[in-house]
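Shown next: data38.cif, containing mmCIF, C-alpha atoms.
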```cif
data_run
loop_
_atom_site.label_atom_id
_atom_site.label_comp_id
_atom_site.auth_asym_id
_atom_site.auth_seq_id
_atom_site.Cartn_x
_atom_site.Cartn_y
_atom_site.Cartn_z
CA MET A 220 90.83 99.42 142.86
CA ARG A 221 94.37 100.75 142.57
CA ILE A 222 95.35 97.75 140.44
CA GLU A 223 92.48 98.42 138.02
CA VAL A 224 93.50 102.08 137.72
CA MET A 225 97.10 101.10 137.08
CA CYS A 226 96.04 98.66 134.36
CA ILE A 227 93.98 101.33 132.64
CA LEU A 228 96.88 103.79 132.77
CA VAL A 229 99.30 101.20 131.35
CA CYS A 230 96.89 100.36 128.51
CA CYS A 231 96.45 104.03 127.67
CA PHE A 232 100.22 104.49 127.64
CA LEU A 233 100.78 101.54 125.31
CA CYS A 234 98.05 102.71 122.94
CA ALA A 235 99.65 106.15 122.77
CA LEU A 236 103.00 104.72 121.68
CA PRO A 237 103.72 105.10 117.93
CA CYS A 238 103.39 101.92 115.88
CA ARG A 239 106.75 100.76 114.65
CA ALA A 240 107.25 100.09 110.99
CA SER A 241 108.64 96.72 109.97
CA GLU A 242 111.34 96.96 107.30
CA LYS A 243 112.68 93.90 105.52
CA THR A 244 115.49 93.69 102.99
CA ILE A 245 114.67 91.31 100.14
CA SER A 246 117.93 89.86 98.84
CA ALA A 247 118.56 88.76 95.28
CA LYS A 248 118.72 85.20 96.62
CA GLU A 249 115.23 85.50 98.12
CA LEU A 250 113.88 86.94 94.86
CA GLU A 251 115.41 83.98 93.03
CA ILE A 252 114.28 81.23 95.40
CA ASP A 253 111.23 82.41 97.38
CA TRP A 254 109.36 84.60 94.89
CA ILE A 255 107.41 82.53 92.35
CA MET A 256 108.14 83.20 88.67
CA TYR A 257 105.48 82.79 85.99
CA GLY A 258 106.03 82.91 82.25
CA HIS A 259 109.03 81.96 80.14
CA GLY A 260 112.35 83.66 80.68
CA ARG A 261 115.53 83.77 82.74
CA ARG A 262 116.11 84.55 86.39
CA ILE A 263 119.80 84.69 87.29
CA ARG A 264 121.47 85.92 90.49
CA GLU A 265 125.02 87.27 90.59
CA HIS A 266 126.92 89.78 92.76
CA GLY A 267 123.78 90.59 94.78
CA ILE A 268 121.84 91.52 91.64
CA LEU A 269 118.96 89.65 90.03
CA LEU A 270 118.63 89.48 86.24
CA LEU A 271 115.12 89.04 84.84
CA GLN A 272 114.81 88.52 81.09
CA THR A 273 111.90 87.47 78.88
CA LYS A 274 112.03 85.45 75.68
CA ARG A 275 111.29 86.86 72.25
CA GLY A 276 107.85 86.59 70.77
CA GLY A 277 105.95 88.85 73.13
CA LYS A 278 106.44 86.62 76.18
CA ASP A 279 106.26 88.18 79.66
CA ILE A 280 107.36 87.11 83.12
CA CYS A 281 106.00 87.88 86.58
CA LEU A 282 107.45 87.52 90.07
CA LEU A 283 104.87 86.89 92.81
CA SER A 284 105.71 87.56 96.46
CA PRO A 285 105.35 84.58 98.81
CA ASP A 286 103.71 86.79 101.45
CA SER A 287 100.65 89.00 101.59
CA TYR A 288 101.06 92.60 102.77
CA SER A 289 98.78 95.02 104.56
CA ASP A 290 97.24 98.17 103.08
CA LYS A 291 100.22 100.14 104.45
CA VAL A 292 103.23 98.99 102.44
CA VAL A 293 106.17 100.61 100.67
CA LEU A 294 108.45 98.81 98.22
CA GLN A 295 111.80 100.40 97.34
CA CYS A 296 114.45 99.09 94.95
CA GLU A 297 116.85 99.98 92.14
CA ILE A 298 116.14 98.84 88.57
CA MET A 299 118.11 99.02 85.33
CA THR A 300 116.47 98.01 82.06
CA LEU A 301 118.64 96.09 79.59
CA ASN A 302 117.13 97.87 76.59
CA SER A 303 114.66 100.63 75.74
CA LEU A 304 111.98 98.09 74.73
CA THR A 305 111.55 96.76 78.27
CA SER A 306 108.33 97.46 80.17
CA ILE A 307 108.09 97.18 83.96
CA ASP A 308 105.01 97.12 86.17
CA PHE A 309 104.53 96.78 89.91
CA ILE A 310 101.22 95.48 91.24
CA LEU A 311 100.08 96.10 94.83
CA ALA A 312 97.24 94.46 96.78
CA VAL A 313 97.01 91.46 94.47
CA ALA A 314 94.09 89.27 95.54
CA GLN A 315 91.41 87.12 94.01
CA VAL A 316 88.21 89.05 93.42
CA LYS A 317 86.06 86.49 95.25
CA GLY A 318 88.36 86.62 98.26
CA ASP A 319 89.44 82.99 98.18
CA LYS A 320 91.36 82.00 101.31
CA HIS A 321 94.00 80.11 99.36
CA PHE A 322 95.51 82.50 96.82
CA SER A 323 96.56 80.85 93.58
CA LEU A 324 97.17 81.57 89.91
CA PRO A 325 95.83 79.33 87.14
CA THR A 326 97.93 76.43 85.91
CA GLY A 327 99.89 77.39 82.82
CA TYR A 328 99.72 81.15 83.52
CA ASP A 329 102.06 82.79 80.98
CA GLY A 330 103.06 85.87 83.00
CA SER A 331 101.02 88.37 80.95
CA LEU A 332 99.14 91.37 82.38
CA GLN A 333 95.85 90.28 80.82
CA LEU A 334 95.16 87.98 83.76
CA TRP A 335 94.67 90.95 86.09
CA GLN A 336 91.80 92.48 84.15
CA ARG A 337 88.88 90.47 85.59
CA ARG A 338 89.83 87.64 87.87
CA TYR A 339 92.16 89.47 90.27
CA ALA A 340 92.16 92.74 92.16
CA GLY A 341 95.18 95.03 92.34
CA TYR A 342 96.76 98.42 91.74
CA ILE A 343 99.05 98.31 88.68
CA LEU A 344 101.77 100.97 88.57
CA SER A 345 103.39 100.97 85.14
CA LEU A 346 106.70 102.81 85.42
CA ALA A 347 108.72 101.93 82.29
CA ASN A 348 106.56 101.82 79.17
CA ALA A 349 107.94 104.45 76.77
CA ALA A 350 108.31 101.84 74.02
CA GLU A 351 104.54 101.37 74.17
CA ASN A 352 104.10 105.11 73.54
CA ARG A 353 102.82 105.64 77.08
CA THR A 354 103.89 107.48 80.22
CA PRO A 355 103.75 106.01 83.76
CA VAL A 356 100.19 105.12 84.65
CA LEU A 357 98.18 103.82 87.61
CA ILE A 358 95.48 101.25 86.81
CA LYS A 359 93.02 99.50 89.12
CA SER A 360 91.66 96.00 88.65
CA PRO A 361 89.27 94.31 88.31
CA GLY A 362 87.96 96.36 85.44
CA TRP A 363 91.31 97.69 84.24
CA ARG A 364 90.33 101.28 85.14
CA GLN A 365 92.93 104.03 84.64
CA LEU A 366 93.18 106.19 87.73
CA GLN A 367 96.01 108.54 86.80
CA GLN A 368 98.69 109.06 84.14
CA ALA A 369 101.93 111.06 84.30
CA LYS A 370 102.59 113.87 81.81
CA LYS A 371 106.07 112.62 80.88
CA ASN A 372 108.44 109.67 81.25
CA TYR A 373 110.85 109.62 84.18
CA PHE A 374 112.49 106.20 83.86
CA ILE A 375 116.01 106.25 82.34
CA PRO A 376 117.06 103.08 80.43
CA GLY A 377 120.56 101.71 80.96
CA VAL A 378 121.16 103.08 84.48
CA PHE A 379 119.93 102.09 87.92
CA ASN A 380 116.77 104.02 88.75
CA LYS A 381 115.60 104.42 92.35
CA ILE A 382 112.00 103.24 92.59
CA GLU A 383 109.45 103.62 95.36
CA VAL A 384 105.89 102.34 95.06
CA GLY A 385 103.72 102.77 98.10
CA ARG A 386 100.30 102.56 99.58
CA LYS A 387 98.79 103.88 102.79
CA ARG A 388 95.24 102.57 102.67
CA ASP A 389 93.54 104.65 99.95
CA LYS A 390 96.63 106.74 99.15
CA LEU A 391 98.97 105.43 96.41
CA TRP A 392 102.17 106.85 94.98
CA LEU A 393 105.12 106.21 92.66
CA LEU A 394 108.54 107.85 92.95
CA ILE A 395 111.26 107.48 90.30
CA ASN A 396 114.70 108.84 91.20
CA ASP A 397 113.13 110.73 94.13
CA GLU A 398 110.62 112.51 91.86
CA GLU A 399 106.93 112.12 92.55
CA VAL A 400 105.50 110.64 89.36
CA LEU A 401 102.05 109.47 90.47
CA LYS A 402 99.95 110.27 93.54
CA PHE A 403 96.31 109.25 93.91
CA ASP A 404 93.60 108.93 96.55
CA ASP A 405 91.25 106.02 95.92
CA ASP A 406 87.93 106.34 97.71
CA HIS A 407 87.19 102.64 97.30
CA ASP A 408 90.52 101.14 98.29
CA LEU A 409 91.34 97.46 97.98
CA ALA A 410 92.19 95.09 100.81
CA GLU A 411 95.60 93.61 101.54
CA GLY A 412 97.32 91.33 99.05
CA ARG A 413 100.47 90.06 97.36
CA LEU A 414 103.08 92.01 95.40
CA VAL A 415 103.91 91.35 91.74
CA ILE A 416 106.75 92.53 89.50
CA HIS A 417 105.97 92.22 85.79
CA ILE A 418 108.54 92.41 82.94
CA GLY A 419 107.67 92.55 79.24
CA GLY A 420 109.22 93.44 75.88
CA ALA A 421 107.65 95.61 73.18
CA PHE A 422 107.27 94.57 69.51
CA GLY A 423 107.88 90.92 70.36
CA GLU A 424 111.46 91.60 71.47
CA GLU A 425 113.15 90.53 74.68
CA GLY A 426 112.61 92.60 77.78
CA GLY A 427 114.93 92.50 80.73
CA CYS A 428 116.15 94.29 83.81
CA LEU A 429 118.61 94.16 86.70
CA LEU A 430 117.12 94.44 90.18
CA ARG A 431 118.94 95.20 93.43
CA ASN A 432 118.61 96.66 96.95
CA MET A 433 114.94 95.84 97.49
CA ARG A 434 113.27 96.78 100.76
CA ILE A 435 109.68 96.31 101.84
CA THR A 436 108.33 98.39 104.72
CA THR A 437 104.98 97.67 106.37
CA ARG A 438 103.03 99.34 109.15
CA PRO A 439 100.42 97.74 111.38
#
```

What's the structure tokens form of this structure?
Amino acid sequence: MRIEVMCILVCCFLCALPCRASEKTISAKELEIDWIMYGHGRRIREHGILLLQTKRGGKDICLLSPDSYSDKVVLQCEIMTLNSLTSIDFILAVAQVKGDKHFSLPTGYDGSLQLWQRRYAGYILSLANAAENRTPVLIKSPGWRQLQQAKKNYFIPGVFNKIEVGRKRDKLWLLINDEEVLKFDDDHDLAEGRLVIHIGGAFGEEGGCLLRNMRITTRP
């Protein structure tokens, strides 16, 4: 009897302990080797920084994380755009709409955002899009539904901007240089999924950025 009581007390104690967050630094080498790149462009690593650059002609590129993350995830990094025509988007909870066990993208995928409109689920946080005459915006797919849009632009071209995109189940947010840009509660939240970084260039010009100091934090 005493043993059973002790077991119950131990279980209660363990359940009361706070869940520890898991933080992982994603190096430029990992972004170059482990993350899958789609589209046509350059991916070059030097001095702990990753260069991502598209080709002219309206071509885009995407980086897809090798791992899937829970619905409690925060991605932090520093990004510098190479020119004012560069657009940058982060996509959280990327998954196939039908819930296929083996996640995949179609053969010949060109890195464009159009793919995410119907076939895949995800939260798209567009943070650098001034050249497209837009402010930061949060979009949900499938259906390409706009959830929230910022009143002004916060991203500064030509310098390293501190970025944080996060999700805690139905709560989503975007911070740029420690300023809260977007914050939204989604009643019908999506399940877990991959992470995607999308780079594009406006008016058919090249888009590009430098990426460093990436960290991904998850909670059970």

Expected selection from the PyMOL selection byres ((chain A and resi 381-393) around 6), given as a list in words: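 For this structure, the PyMOL selection byres ((chain A and resi 381-393) around 6) captures Asp290, Lys291, Val292, Val293, Leu294, Gln295, Cys296, Glu297, Asn380, Leu394, Ile395, Asn396, Val400, Leu401, Lys402, Phe403, Asp404, Asp405 and Asp408 of chain A.
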
Reference answer for the PyMOL selection byres ((chain A and resi 378) around 9), as a list in words: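 With the shown file as input, the PyMOL selection byres ((chain A and resi 378) around 9) matches Ile298, Met299, Thr300, Leu301, Ile375, Pro376, Gly377, Phe379 and Asn380 of chain A.
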
As a check of understanding, name the residues that the PyMOL selection byres ((chain A and resi 245-248) around 9) selects in the supplied structure, as a short mmCIF file (atom, residue, chain, number, x, y, z; two decimals) with C-alpha atoms, in the frame of the given file.
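What follows is the written file selection.cif:
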```cif
data_model
loop_
_atom_site.label_atom_id
_atom_site.label_comp_id
_atom_site.auth_asym_id
_atom_site.auth_seq_id
_atom_site.Cartn_x
_atom_site.Cartn_y
_atom_site.Cartn_z
CA LYS A 243 112.68 93.90 105.52
CA THR A 244 115.49 93.69 102.99
CA GLU A 249 115.23 85.50 98.12
CA LEU A 250 113.88 86.94 94.86
CA GLU A 251 115.41 83.98 93.03
CA ILE A 252 114.28 81.23 95.40
CA ASP A 253 111.23 82.41 97.38
CA ARG A 264 121.47 85.92 90.49
CA GLU A 265 125.02 87.27 90.59
CA HIS A 266 126.92 89.78 92.76
CA GLY A 267 123.78 90.59 94.78
CA ILE A 268 121.84 91.52 91.64
CA LEU A 269 118.96 89.65 90.03
CA LEU A 430 117.12 94.44 90.18
CA ARG A 431 118.94 95.20 93.43
CA ASN A 432 118.61 96.66 96.95
CA MET A 433 114.94 95.84 97.49
CA ARG A 434 113.27 96.78 100.76
CA ILE A 435 109.68 96.31 101.84
#
```

Between CA of Asp329 in chain A and CA of Lys278 in chain A, what distance in Å does the model show, to one decimal? 7.5 Å

Please determine, counting only C-alpha atoms, which residue among A:Gly412, A:Pro361, A:Pro439, A:Gly427 has the shortest atom-to-atom distance to Leu332 in chain A.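 So, comparing all the options, the nearest one is A:Pro361.
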
Which is closest to Asp397 in chain A among A:Tyr373, A:Ile416, A:Trp363, A:Ala240, if we use all atoms listed in the file? A:Tyr373

At what distance in Å, to one decimal, does CA of Ala347 in chain A lie from CA of Arg261 in chain A?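 Here the two named atoms are 19.4 Å from each other.
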
With only C-alpha atoms as the basis for distance, which of A:His259, A:Lys370, A:His407, A:Arg353 is at the shortest distance from Tyr328 in chain A?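 Among the listed residues, A:His259 lies closest to Tyr328 in chain A.
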
Which is closest to Leu429 in chain A among A:Tyr288, A:Ser331, A:Thr305, A:Tyr257, if we use only C-alpha atoms? A:Thr305

Which residues are near range 333-340 of chain A? Cut-off 8 Å, only C-alpha atoms, ignore same chain within fewer than 2 positions. Put them as a VMD selection string. chain A and resid 312 to 316 331 342 359 to 363 409

State, in Å with one decimal place, the distance from CA of Leu414 in chain A to CA of His321 in chain A. 15.5 Å

Closest to Ala410 in chain A among A:Leu357, A:Leu311, A:Leu324, A:Leu366, using only C-alpha atoms?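 With only C-alpha atoms as the atom set, the closest residue is A:Leu311.
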
Return the single residue from A:Ile255, A:Val356, A:Ala369, A:Cys428 that is closest to Asp286 in chain A, with distances computed using all atoms listed in the file.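 Selected residue with least distance to Asp286 in chain A: A:Ile255.
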
Test item: which residues lie within 7 Å of (104.6, 90.6, 84.6) counting all atoms listed in the file, as a list in words: Asp279, Ile280, Cys281, Leu282, Asp308, Gly330, Ser331, Leu332, Ile416, His417, Ile418 and Gly419 of chain A
